[in-house]
>>> print(open('upload_27.pdb').read())   # PDB, C-alpha atoms
ATOM      1  CA  MET O1200     -32.556 -32.897  37.194  1.00  0.00           C
ATOM      2  CA  ASN O1201     -31.176 -31.990  33.745  1.00  0.00           C
ATOM      3  CA  PHE O1202     -28.950 -29.333  35.320  1.00  0.00           C
ATOM      4  CA  GLU O1203     -27.375 -31.967  37.581  1.00  0.00           C
ATOM      5  CA  ASN O1204     -26.669 -34.236  34.610  1.00  0.00           C
ATOM      6  CA  ASP O1205     -25.032 -31.362  32.737  1.00  0.00           C
ATOM      7  CA  ALA O1206     -22.796 -30.625  35.724  1.00  0.00           C
ATOM      8  CA  VAL O1207     -21.781 -34.279  36.026  1.00  0.00           C
ATOM      9  CA  ILE O1208     -21.073 -34.501  32.289  1.00  0.00           C
ATOM     10  CA  LYS O1209     -18.990 -31.346  32.472  1.00  0.00           C
ATOM     11  CA  LYS O1210     -16.923 -32.792  35.348  1.00  0.00           C
ATOM     12  CA  ASP O1211     -16.618 -36.157  33.619  1.00  0.00           C
ATOM     13  CA  ARG O1212     -15.308 -34.510  30.450  1.00  0.00           C
ATOM     14  CA  LEU O1213     -12.380 -33.094  32.425  1.00  0.00           C
ATOM     15  CA  ARG O1214     -11.051 -36.632  32.732  1.00  0.00           C
ATOM     16  CA  PHE O1215     -10.778 -36.978  28.956  1.00  0.00           C
ATOM     17  CA  THR O1216      -9.914 -33.478  27.712  1.00  0.00           C
ATOM     18  CA  LYS O1217      -6.856 -31.293  28.037  1.00  0.00           C
ATOM     19  CA  ASN O1218      -6.870 -27.926  29.769  1.00  0.00           C
ATOM     20  CA  LYS O1219      -6.256 -26.024  26.553  1.00  0.00           C
ATOM     21  CA  LEU O1220      -7.392 -22.652  27.911  1.00  0.00           C
ATOM     22  CA  SER O1221      -4.730 -22.486  30.628  1.00  0.00           C
ATOM     23  CA  ALA O1222      -2.094 -23.850  28.270  1.00  0.00           C
ATOM     24  CA  ASN O1223      -2.901 -21.291  25.587  1.00  0.00           C
ATOM     25  CA  LEU O1224      -2.951 -18.411  28.081  1.00  0.00           C
ATOM     26  CA  SER O1225       0.526 -19.465  29.230  1.00  0.00           C
ATOM     27  CA  LEU O1226       1.784 -19.480  25.659  1.00  0.00           C
ATOM     28  CA  LEU O1227       0.233 -16.064  25.054  1.00  0.00           C
ATOM     29  CA  ALA O1228       2.099 -14.780  28.130  1.00  0.00           C
ATOM     30  CA  ILE O1229       5.319 -15.854  26.405  1.00  0.00           C
ATOM     31  CA  VAL O1230       4.323 -13.857  23.314  1.00  0.00           C
ATOM     32  CA  PHE O1231       3.819 -10.668  25.351  1.00  0.00           C
ATOM     33  CA  ASN O1232       7.121 -11.282  27.110  1.00  0.00           C
ATOM     34  CA  ALA O1233       8.730 -11.500  23.666  1.00  0.00           C
ATOM     35  CA  PHE O1234       7.139  -8.162  22.708  1.00  0.00           C
ATOM     36  CA  TYR O1235       8.654  -6.706  25.895  1.00  0.00           C
ATOM     37  CA  PHE O1236      12.184  -7.881  25.288  1.00  0.00           C
ATOM     38  CA  VAL O1237      12.161  -7.016  21.594  1.00  0.00           C
ATOM     39  CA  SER O1238      11.117  -3.480  22.507  1.00  0.00           C
ATOM     40  CA  ILE O1239      13.900  -3.230  25.086  1.00  0.00           C
ATOM     41  CA  TYR O1240      16.661  -4.939  23.111  1.00  0.00           C
ATOM     42  CA  LYS O1241      16.048  -3.092  19.858  1.00  0.00           C
ATOM     43  CA  SER O1242      16.712   0.182  21.662  1.00  0.00           C
ATOM     44  CA  ASP O1243      20.255   1.248  21.009  1.00  0.00           C
ATOM     45  CA  VAL O1244      20.759   4.370  23.043  1.00  0.00           C
ATOM     46  CA  GLY O1245      24.495   4.809  23.384  1.00  0.00           C
ATOM     47  CA  ASN O1246      25.983   2.146  25.606  1.00  0.00           C
ATOM     48  CA  TYR O1247      23.366   2.350  28.369  1.00  0.00           C
ATOM     49  CA  TYR O1248      22.144  -1.206  27.895  1.00  0.00           C
ATOM     50  CA  TYR O1249      25.652  -2.704  27.723  1.00  0.00           C
ATOM     51  CA  LYS O1250      25.715  -3.528  31.420  1.00  0.00           C
ATOM     52  CA  LEU O1251      25.340  -6.540  33.654  1.00  0.00           C
ATOM     53  CA  ILE O1252      21.609  -5.832  34.127  1.00  0.00           C
ATOM     54  CA  ILE O1253      20.884  -6.530  30.454  1.00  0.00           C
ATOM     55  CA  GLY O1254      22.723  -9.847  30.680  1.00  0.00           C
ATOM     56  CA  ILE O1255      20.643 -10.774  33.702  1.00  0.00           C
ATOM     57  CA  SER O1256      17.538  -9.680  31.796  1.00  0.00           C
ATOM     58  CA  VAL O1257      18.410 -11.912  28.847  1.00  0.00           C
ATOM     59  CA  VAL O1258      18.940 -14.900  31.127  1.00  0.00           C
ATOM     60  CA  TYR O1259      15.693 -14.165  32.985  1.00  0.00           C
ATOM     61  CA  ASN O1260      13.792 -13.938  29.681  1.00  0.00           C
ATOM     62  CA  LEU O1261      15.097 -17.331  28.657  1.00  0.00           C
ATOM     63  CA  LEU O1262      14.202 -18.837  32.035  1.00  0.00           C
ATOM     64  CA  PHE O1263      10.759 -17.196  31.954  1.00  0.00           C
ATOM     65  CA  MET O1264      10.002 -18.583  28.511  1.00  0.00           C
ATOM     66  CA  LEU O1265      11.223 -22.046  29.460  1.00  0.00           C
ATOM     67  CA  ALA O1266       9.262 -22.113  32.727  1.00  0.00           C
ATOM     68  CA  ALA O1267       6.123 -20.717  31.087  1.00  0.00           C
ATOM     69  CA  PHE O1268       6.305 -23.260  28.277  1.00  0.00           C
ATOM     70  CA  LEU O1269       6.840 -26.159  30.678  1.00  0.00           C
ATOM     71  CA  SER O1270       3.983 -24.839  32.804  1.00  0.00           C
ATOM     72  CA  SER O1271       1.728 -24.660  29.753  1.00  0.00           C
ATOM     73  CA  GLU O1272       2.378 -28.348  29.199  1.00  0.00           C
ATOM     74  CA  GLY O1273       1.826 -29.112  32.885  1.00  0.00           C
ATOM     75  CA  VAL O1274      -1.466 -27.241  33.214  1.00  0.00           C
ATOM     76  CA  LYS O1275      -2.670 -28.913  30.046  1.00  0.00           C
ATOM     77  CA  SER O1276      -2.721 -32.120  32.123  1.00  0.00           C
ATOM     78  CA  TYR O1277      -4.317 -30.419  35.168  1.00  0.00           C
ATOM     79  CA  LYS O1278      -1.153 -30.595  37.288  1.00  0.00           C
ATOM     80  CA  MET O1279      -1.656 -28.246  40.213  1.00  0.00           C
ATOM     81  CA  ASN O1280       2.012 -27.451  40.942  1.00  0.00           C
ATOM     82  CA  TYR O1281       2.411 -25.726  37.606  1.00  0.00           C
ATOM     83  CA  SER O1282      -0.258 -23.254  38.674  1.00  0.00           C
ATOM     84  CA  TYR O1283       2.044 -22.089  41.455  1.00  0.00           C
ATOM     85  CA  VAL O1284       4.896 -21.710  38.981  1.00  0.00           C
ATOM     86  CA  LEU O1285       2.648 -19.556  36.783  1.00  0.00           C
ATOM     87  CA  LEU O1286       1.628 -17.406  39.757  1.00  0.00           C
ATOM     88  CA  ALA O1287       5.313 -16.871  40.594  1.00  0.00           C
ATOM     89  CA  LEU O1288       6.056 -16.008  36.956  1.00  0.00           C
ATOM     90  CA  GLY O1289       3.181 -13.512  36.966  1.00  0.00           C
ATOM     91  CA  ALA O1290       4.547 -11.859  40.105  1.00  0.00           C
ATOM     92  CA  GLY O1291       8.003 -11.806  38.512  1.00  0.00           C
ATOM     93  CA  GLN O1292       6.653  -9.964  35.483  1.00  0.00           C
ATOM     94  CA  ILE O1293       5.184  -7.245  37.704  1.00  0.00           C
ATOM     95  CA  ILE O1294       8.434  -6.927  39.680  1.00  0.00           C
ATOM     96  CA  ARG O1295      10.364  -6.539  36.417  1.00  0.00           C
ATOM     97  CA  ILE O1296       8.581  -3.247  35.724  1.00  0.00           C
ATOM     98  CA  PHE O1297      10.450  -1.712  38.650  1.00  0.00           C
ATOM     99  CA  ILE O1298      13.882  -2.896  37.530  1.00  0.00           C
ATOM    100  CA  LEU O1299      15.017  -2.303  33.941  1.00  0.00           C
ATOM    101  CA  PRO O1300      12.163  -0.186  32.503  1.00  0.00           C
ATOM    102  CA  ARG O1301      12.032   2.080  35.551  1.00  0.00           C
ATOM    103  CA  ALA O1302      15.802   2.571  35.570  1.00  0.00           C
ATOM    104  CA  ALA O1303      15.924   3.222  31.822  1.00  0.00           C
ATOM    105  CA  ARG O1304      12.976   5.628  32.024  1.00  0.00           C
ATOM    106  CA  GLY O1305      14.845   7.931  34.375  1.00  0.00           C
ATOM    107  CA  ALA O1306      18.254   7.633  32.710  1.00  0.00           C
ATOM    108  CA  THR O1307      19.868   9.863  30.137  1.00  0.00           C
ATOM    109  CA  VAL O1308      22.926   9.435  27.934  1.00  0.00           C
ATOM    110  CA  THR O1309      24.973  11.961  26.020  1.00  0.00           C
ATOM    111  CA  LEU O1310      25.311  11.255  22.313  1.00  0.00           C
ATOM    112  CA  SER O1311      27.224  13.747  20.136  1.00  0.00           C
ATOM    113  CA  ASP O1312      27.038  16.316  22.951  1.00  0.00           C
ATOM    114  CA  VAL O1313      23.250  15.973  23.106  1.00  0.00           C
ATOM    115  CA  GLU O1314      21.599  14.587  26.219  1.00  0.00           C
ATOM    116  CA  GLN O1315      18.963  11.982  25.348  1.00  0.00           C
ATOM    117  CA  ASN O1316      16.499   9.897  27.380  1.00  0.00           C
ATOM    118  CA  VAL O1317      17.248   6.188  27.306  1.00  0.00           C
ATOM    119  CA  MET O1318      13.560   5.302  27.307  1.00  0.00           C
ATOM    120  CA  GLU O1319      10.849   7.713  26.257  1.00  0.00           C
ATOM    121  CA  SER O1320       7.392   7.743  27.869  1.00  0.00           C
ATOM    122  CA  GLY O1321       5.760   5.887  24.968  1.00  0.00           C
ATOM    123  CA  GLN O1322       8.194   2.996  25.077  1.00  0.00           C
ATOM    124  CA  PHE O1323       8.027   2.866  28.883  1.00  0.00           C
ATOM    125  CA  THR O1324       4.231   2.668  28.789  1.00  0.00           C
ATOM    126  CA  ARG O1325       4.340   0.029  26.070  1.00  0.00           C
ATOM    127  CA  VAL O1326       6.832  -2.259  27.841  1.00  0.00           C
ATOM    128  CA  CYS O1327       4.914  -1.907  31.131  1.00  0.00           C
ATOM    129  CA  ILE O1328       1.702  -2.896  29.354  1.00  0.00           C
ATOM    130  CA  TYR O1329       3.435  -5.924  27.825  1.00  0.00           C
ATOM    131  CA  LEU O1330       4.673  -7.045  31.232  1.00  0.00           C
ATOM    132  CA  ILE O1331       1.296  -6.459  32.891  1.00  0.00           C
ATOM    133  CA  ILE O1332      -0.541  -8.404  30.182  1.00  0.00           C
ATOM    134  CA  SER O1333       1.988 -11.228  30.470  1.00  0.00           C
ATOM    135  CA  ALA O1334       1.523 -11.284  34.254  1.00  0.00           C
ATOM    136  CA  VAL O1335      -2.278 -11.271  33.998  1.00  0.00           C
ATOM    137  CA  LEU O1336      -2.188 -14.116  31.468  1.00  0.00           C
ATOM    138  CA  CYS O1337       0.075 -16.205  33.723  1.00  0.00           C
ATOM    139  CA  CYS O1338      -2.160 -15.595  36.738  1.00  0.00           C
ATOM    140  CA  ALA O1339      -5.358 -16.290  34.773  1.00  0.00           C
ATOM    141  CA  ALA O1340      -3.905 -19.565  33.475  1.00  0.00           C
ATOM    142  CA  ALA O1341      -2.980 -20.512  37.045  1.00  0.00           C
ATOM    143  CA  VAL O1342      -6.378 -19.647  38.536  1.00  0.00           C
ATOM    144  CA  ILE O1343      -8.251 -21.509  35.799  1.00  0.00           C
ATOM    145  CA  ASN O1344      -6.033 -24.548  36.273  1.00  0.00           C
ATOM    146  CA  ILE O1345      -6.453 -24.473  40.047  1.00  0.00           C
ATOM    147  CA  SER O1346     -10.220 -24.384  39.614  1.00  0.00           C
ATOM    148  CA  LYS O1347     -10.344 -27.153  37.033  1.00  0.00           C
ATOM    149  CA  SER O1348      -7.773 -29.317  38.852  1.00  0.00           C
ATOM    150  CA  THR O1349      -9.671 -29.032  42.120  1.00  0.00           C
ATOM    151  CA  THR O1350     -12.944 -29.933  40.403  1.00  0.00           C
ATOM    152  CA  LEU O1351     -11.338 -32.917  38.673  1.00  0.00           C
ATOM    153  CA  THR O1352      -9.650 -34.167  41.855  1.00  0.00           C
ATOM    154  CA  LYS O1353     -12.898 -33.972  43.831  1.00  0.00           C
ATOM    155  CA  TYR O1354     -14.814 -35.704  41.040  1.00  0.00           C
ATOM    156  CA  GLN O1355     -12.268 -38.511  40.816  1.00  0.00           C
ATOM    157  CA  ALA O1356     -12.474 -38.964  44.594  1.00  0.00           C
ATOM    158  CA  GLU O1357     -16.283 -39.219  44.309  1.00  0.00           C
ATOM    159  CA  LEU O1358     -15.944 -41.848  41.584  1.00  0.00           C
ATOM    160  CA  GLU O1359     -13.488 -43.892  43.647  1.00  0.00           C
ATOM    161  CA  LYS O1360     -15.799 -43.687  46.650  1.00  0.00           C
ATOM    162  CA  LYS O1361     -18.732 -44.894  44.542  1.00  0.00           C
ATOM    163  CA  GLN O1362     -16.661 -47.733  43.082  1.00  0.00           C
ATOM    164  CA  LYS O1363     -15.532 -48.873  46.524  1.00  0.00           C
ATOM    165  CA  GLY O1364     -19.130 -48.692  47.760  1.00  0.00           C
ATOM    166  CA  ALA O1365     -20.351 -50.727  44.787  1.00  0.00           C
ATOM    167  CA  SER O1366     -17.651 -53.392  45.218  1.00  0.00           C
ATOM    168  CA  HIS O1367     -18.568 -53.879  48.917  1.00  0.00           C
ATOM    169  CA  GLU O1368     -22.205 -54.618  48.112  1.00  0.00           C
TER     170      GLU O1368
END
>>> encode(input="upload_27.pdb", output="structure tokens")
Amino acid sequence: MNFENDAVIKKDRLRFTKNKLSANLSLLAIVFNAFYFVSIYKSDVGNYYYKLIIGISVVYNLLFMLAAFLSSEGVKSYKMNYSYVLLALGAGQIIRIFILPRAARGATVTLSDVEQNVMESGQFTRVCIYLIISAVLCCAAAVINISKSTTLTKYQAELEKKQKGASHE
């Protein structure tokens, strides 16, 4: 009997508290994205990065951070649609590994008659880890919000059903 009361109290608390865990995970995903782009943008290997792809990357980073921040605010209020945005952002972070880091890893430039790798193995591993962590954080925030939102929606439906039943008596 006590276990049932604890479960009901836990569900009831969702109505009055914010989903801070999902919101904070979303914000942490932004931090790891920032680590990624700082690592990429601080690299100055000849003129390799002075191409259209880096401009697209900058714009994507800005859009990612904006969407992740807005999603963190949305999931804080248990809004389900923001979970789908976070899942898409997580997938986007994984896809990004195969674009700029992969291309830079295999590229070389000639500086002062010396051929040099654009991105060494250590930096490649580091930026991939940053993107993977960012993706995992986005997906975890989404899954947690989906779970909590579903629980809250079902609980609110139960309460409405009980209220309607009580008003008919």
>>> resolve_selection(input="upload_27.pdb", expression="the PyMOL selection byres ((chain O and resi 1259-1266) around 9)", output="PyMOL selection string")
chain O and resi 1226+1228-1229+1232-1233+1236+1254-1258+1267-1271+1284-1285+1288+1291
>>> write_last_selection(input="upload_27.pdb", atoms="C-alpha atoms", output="mmCIF file, in the coordinates of the input")
data_model
loop_
_atom_site.group_PDB
_atom_site.id
_atom_site.type_symbol
_atom_site.label_atom_id
_atom_site.label_comp_id
_atom_site.auth_asym_id
_atom_site.auth_seq_id
_atom_site.Cartn_x
_atom_site.Cartn_y
_atom_site.Cartn_z
ATOM 1 C CA LEU O 1226 1.784 -19.480 25.659
ATOM 2 C CA ALA O 1228 2.099 -14.780 28.130
ATOM 3 C CA ILE O 1229 5.319 -15.854 26.405
ATOM 4 C CA ASN O 1232 7.121 -11.282 27.110
ATOM 5 C CA ALA O 1233 8.730 -11.500 23.666
ATOM 6 C CA PHE O 1236 12.184 -7.881 25.288
ATOM 7 C CA GLY O 1254 22.723 -9.847 30.680
ATOM 8 C CA ILE O 1255 20.643 -10.774 33.702
ATOM 9 C CA SER O 1256 17.538 -9.680 31.796
ATOM 10 C CA VAL O 1257 18.410 -11.912 28.847
ATOM 11 C CA VAL O 1258 18.940 -14.900 31.127
ATOM 12 C CA ALA O 1267 6.123 -20.717 31.087
ATOM 13 C CA PHE O 1268 6.305 -23.260 28.277
ATOM 14 C CA LEU O 1269 6.840 -26.159 30.678
ATOM 15 C CA SER O 1270 3.983 -24.839 32.804
ATOM 16 C CA SER O 1271 1.728 -24.660 29.753
ATOM 17 C CA VAL O 1284 4.896 -21.710 38.981
ATOM 18 C CA LEU O 1285 2.648 -19.556 36.783
ATOM 19 C CA LEU O 1288 6.056 -16.008 36.956
ATOM 20 C CA GLY O 1291 8.003 -11.806 38.512
#
>>> resolve_selection(input="upload_27.pdb", expression="the PyMOL selection byres ((chain O and resi 1276) around 10)", output="list of chain:residue names")
O:Leu1213, O:Arg1214, O:Phe1215, O:Thr1216, O:Lys1217, O:Asn1218, O:Lys1219, O:Ser1221, O:Ala1222, O:Ser1270, O:Ser1271, O:Glu1272, O:Gly1273, O:Val1274, O:Lys1275, O:Tyr1277, O:Lys1278, O:Met1279, O:Tyr1281, O:Asn1344, O:Ser1348
>>> closest_residue(input="upload_27.pdb", among="O:Ala1341, O:Asn1316, O:Ala1356, O:Pro1300", to="Tyr1240 (chain O)", atoms="all atoms listed in the file")
O:Pro1300
>>> closest_residue(input="upload_27.pdb", among="O:Leu1286, O:Ala1306, O:Ala1206, O:Val1244", to="Ala1339 (chain O)", atoms="only C-alpha atoms")
O:Leu1286
>>> closest_residue(input="upload_27.pdb", among="O:Glu1357, O:Asp1211, O:Asp1243, O:Asp1205", to="Leu1310 (chain O)", atoms="all atoms listed in the file")
O:Asp1243
>>> atom_distance(input="upload_27.pdb", atom1="CA of Ile1298 (chain O)", atom2="CA of Tyr1247 (chain O)")
14.2 Å
>>> atom_distance(input="upload_27.pdb", atom1="CA of Ala1303 (chain O)", atom2="CA of Val1317 (chain O)")
5.6 Å
>>> atom_distance(input="upload_27.pdb", atom1="CA of Ile1331 (chain O)", atom2="CA of Leu1299 (chain O)")
14.4 Å
>>> residues_around(input="upload_27.pdb", residues="Gly1321 (chain O)", least_positions_apart="6", cutoff="12 Å", atoms="all atoms listed in the file", output="ChimeraX atom specification")
/O:1238,1300,1304,1327-1328
>>> closest_residue(input="upload_27.pdb", among="O:Thr1309, O:Gln1292, O:Ser1282, O:Ser1225", to="Ser1346 (chain O)", atoms="all atoms listed in the file")
O:Ser1282
>>> closest_residue(input="upload_27.pdb", among="O:Phe1234, O:Phe1323, O:Phe1297, O:Tyr1283", to="Ile1343 (chain O)", atoms="only C-alpha atoms")
O:Tyr1283
>>> axis_aligned_box(input="upload_27.pdb", around="region 1258-1272 of chain O", padding_each_side="4 Å", output="AutoDock Vina command-line options")
--center_x 10.3 --center_y -21.1 --center_z 30.6 --size_x 25.2 --size_y 22.4 --size_z 12.7
>>> residues_around(input="upload_27.pdb", residues="Val1207 (chain O)", least_positions_apart="4", cutoff="12 Å", atoms="only C-alpha atoms", output="list in words")
Met1200, Asn1201, Phe1202, Glu1203, Asp1211, Arg1212, Leu1213, Arg1214, Thr1350, Leu1351, Lys1353, Tyr1354, Gln1355, Glu1357 and Leu1358 of chain O
>>> build_atoms(input="upload_27.pdb", residues="region 1233-1244 of chain O", atoms="all heavy atoms", output="PDB file, in the coordinates of the input")
ATOM      1  N   ALA O1233       7.879 -11.714  24.844  1.00  0.00           N
ATOM      2  CA  ALA O1233       8.730 -11.500  23.666  1.00  0.00           C
ATOM      3  C   ALA O1233       8.580 -10.070  23.138  1.00  0.00           C
ATOM      4  O   ALA O1233       9.574  -9.433  22.765  1.00  0.00           O
ATOM      5  CB  ALA O1233       8.405 -12.511  22.578  1.00  0.00           C
ATOM      6  N   PHE O1234       7.347  -9.559  23.120  1.00  0.00           N
ATOM      7  CA  PHE O1234       7.139  -8.162  22.708  1.00  0.00           C
ATOM      8  C   PHE O1234       7.930  -7.222  23.617  1.00  0.00           C
ATOM      9  O   PHE O1234       8.537  -6.259  23.160  1.00  0.00           O
ATOM     10  CB  PHE O1234       5.659  -7.776  22.765  1.00  0.00           C
ATOM     11  CG  PHE O1234       4.790  -8.431  21.724  1.00  0.00           C
ATOM     12  CD1 PHE O1234       3.415  -8.489  21.913  1.00  0.00           C
ATOM     13  CD2 PHE O1234       5.305  -8.978  20.565  1.00  0.00           C
ATOM     14  CE1 PHE O1234       2.594  -9.075  20.972  1.00  0.00           C
ATOM     15  CE2 PHE O1234       4.492  -9.568  19.614  1.00  0.00           C
ATOM     16  CZ  PHE O1234       3.124  -9.612  19.822  1.00  0.00           C
ATOM     17  N   TYR O1235       7.917  -7.521  24.925  1.00  0.00           N
ATOM     18  CA  TYR O1235       8.654  -6.706  25.895  1.00  0.00           C
ATOM     19  C   TYR O1235      10.144  -6.697  25.558  1.00  0.00           C
ATOM     20  O   TYR O1235      10.746  -5.645  25.415  1.00  0.00           O
ATOM     21  CB  TYR O1235       8.428  -7.229  27.315  1.00  0.00           C
ATOM     22  CG  TYR O1235       9.474  -6.754  28.292  1.00  0.00           C
ATOM     23  CD1 TYR O1235       9.430  -5.464  28.815  1.00  0.00           C
ATOM     24  CD2 TYR O1235      10.525  -7.576  28.671  1.00  0.00           C
ATOM     25  CE1 TYR O1235      10.398  -5.021  29.687  1.00  0.00           C
ATOM     26  CE2 TYR O1235      11.495  -7.138  29.548  1.00  0.00           C
ATOM     27  CZ  TYR O1235      11.428  -5.854  30.057  1.00  0.00           C
ATOM     28  OH  TYR O1235      12.394  -5.415  30.916  1.00  0.00           O
ATOM     29  N   PHE O1236      10.733  -7.886  25.450  1.00  0.00           N
ATOM     30  CA  PHE O1236      12.184  -7.881  25.288  1.00  0.00           C
ATOM     31  C   PHE O1236      12.615  -7.413  23.920  1.00  0.00           C
ATOM     32  O   PHE O1236      13.700  -6.818  23.785  1.00  0.00           O
ATOM     33  CB  PHE O1236      12.847  -9.186  25.731  1.00  0.00           C
ATOM     34  CG  PHE O1236      12.694 -10.384  24.852  1.00  0.00           C
ATOM     35  CD1 PHE O1236      13.374 -10.498  23.657  1.00  0.00           C
ATOM     36  CD2 PHE O1236      11.900 -11.442  25.256  1.00  0.00           C
ATOM     37  CE1 PHE O1236      13.254 -11.625  22.873  1.00  0.00           C
ATOM     38  CE2 PHE O1236      11.784 -12.576  24.484  1.00  0.00           C
ATOM     39  CZ  PHE O1236      12.460 -12.664  23.276  1.00  0.00           C
ATOM     40  N   VAL O1237      11.808  -7.579  22.896  1.00  0.00           N
ATOM     41  CA  VAL O1237      12.161  -7.016  21.594  1.00  0.00           C
ATOM     42  C   VAL O1237      12.163  -5.494  21.668  1.00  0.00           C
ATOM     43  O   VAL O1237      13.063  -4.833  21.143  1.00  0.00           O
ATOM     44  CB  VAL O1237      11.198  -7.523  20.485  1.00  0.00           C
ATOM     45  CG1 VAL O1237      11.327  -6.705  19.222  1.00  0.00           C
ATOM     46  CG2 VAL O1237      11.457  -8.992  20.203  1.00  0.00           C
ATOM     47  N   SER O1238      11.186  -4.929  22.357  1.00  0.00           N
ATOM     48  CA  SER O1238      11.117  -3.480  22.507  1.00  0.00           C
ATOM     49  C   SER O1238      12.326  -2.938  23.267  1.00  0.00           C
ATOM     50  O   SER O1238      12.880  -1.905  22.910  1.00  0.00           O
ATOM     51  CB  SER O1238       9.831  -3.083  23.229  1.00  0.00           C
ATOM     52  OG  SER O1238       9.761  -1.687  23.376  1.00  0.00           O
ATOM     53  N   ILE O1239      12.743  -3.666  24.299  1.00  0.00           N
ATOM     54  CA  ILE O1239      13.900  -3.230  25.086  1.00  0.00           C
ATOM     55  C   ILE O1239      15.189  -3.420  24.290  1.00  0.00           C
ATOM     56  O   ILE O1239      16.015  -2.512  24.182  1.00  0.00           O
ATOM     57  CB  ILE O1239      13.994  -4.027  26.414  1.00  0.00           C
ATOM     58  CG1 ILE O1239      12.836  -3.689  27.344  1.00  0.00           C
ATOM     59  CG2 ILE O1239      15.338  -3.786  27.110  1.00  0.00           C
ATOM     60  CD1 ILE O1239      12.904  -2.353  28.017  1.00  0.00           C
ATOM     61  N   TYR O1240      15.382  -4.603  23.730  1.00  0.00           N
ATOM     62  CA  TYR O1240      16.661  -4.939  23.111  1.00  0.00           C
ATOM     63  C   TYR O1240      16.897  -4.235  21.781  1.00  0.00           C
ATOM     64  O   TYR O1240      18.037  -4.108  21.351  1.00  0.00           O
ATOM     65  CB  TYR O1240      16.803  -6.450  22.928  1.00  0.00           C
ATOM     66  CG  TYR O1240      16.715  -7.235  24.215  1.00  0.00           C
ATOM     67  CD1 TYR O1240      16.378  -8.566  24.209  1.00  0.00           C
ATOM     68  CD2 TYR O1240      16.953  -6.651  25.456  1.00  0.00           C
ATOM     69  CE1 TYR O1240      16.283  -9.301  25.390  1.00  0.00           C
ATOM     70  CE2 TYR O1240      16.858  -7.364  26.626  1.00  0.00           C
ATOM     71  CZ  TYR O1240      16.524  -8.683  26.595  1.00  0.00           C
ATOM     72  OH  TYR O1240      16.426  -9.394  27.753  1.00  0.00           O
ATOM     73  N   LYS O1241      15.828  -3.801  21.118  1.00  0.00           N
ATOM     74  CA  LYS O1241      16.048  -3.092  19.858  1.00  0.00           C
ATOM     75  C   LYS O1241      16.466  -1.638  20.099  1.00  0.00           C
ATOM     76  O   LYS O1241      16.955  -0.991  19.198  1.00  0.00           O
ATOM     77  CB  LYS O1241      14.807  -3.165  18.964  1.00  0.00           C
ATOM     78  CG  LYS O1241      13.693  -2.235  19.360  1.00  0.00           C
ATOM     79  CD  LYS O1241      12.552  -2.283  18.366  1.00  0.00           C
ATOM     80  CE  LYS O1241      11.480  -1.290  18.787  1.00  0.00           C
ATOM     81  NZ  LYS O1241      10.409  -1.199  17.855  1.00  0.00           N
ATOM     82  N   SER O1242      16.283  -1.176  21.314  1.00  0.00           N
ATOM     83  CA  SER O1242      16.712   0.182  21.662  1.00  0.00           C
ATOM     84  C   SER O1242      18.228   0.214  21.728  1.00  0.00           C
ATOM     85  O   SER O1242      18.840  -0.565  22.445  1.00  0.00           O
ATOM     86  CB  SER O1242      16.147   0.597  23.016  1.00  0.00           C
ATOM     87  OG  SER O1242      14.753   0.579  23.002  1.00  0.00           O
ATOM     88  N   ASP O1243      18.808   1.109  20.996  1.00  0.00           N
ATOM     89  CA  ASP O1243      20.255   1.248  21.009  1.00  0.00           C
ATOM     90  C   ASP O1243      20.583   2.694  21.331  1.00  0.00           C
ATOM     91  O   ASP O1243      20.850   3.497  20.442  1.00  0.00           O
ATOM     92  CB  ASP O1243      20.848   0.820  19.667  1.00  0.00           C
ATOM     93  CG  ASP O1243      22.359   0.708  19.724  1.00  0.00           C
ATOM     94  OD1 ASP O1243      22.895   0.551  20.838  1.00  0.00           O
ATOM     95  OD2 ASP O1243      22.987   0.768  18.664  1.00  0.00           O
ATOM     96  N   VAL O1244      20.527   3.000  22.606  1.00  0.00           N
ATOM     97  CA  VAL O1244      20.759   4.370  23.043  1.00  0.00           C
ATOM     98  C   VAL O1244      22.139   4.422  23.694  1.00  0.00           C
ATOM     99  O   VAL O1244      22.299   4.115  24.871  1.00  0.00           O
ATOM    100  CB  VAL O1244      19.662   4.818  24.040  1.00  0.00           C
ATOM    101  CG1 VAL O1244      19.850   6.276  24.412  1.00  0.00           C
ATOM    102  CG2 VAL O1244      18.290   4.580  23.453  1.00  0.00           C
TER     103      VAL O1244
END
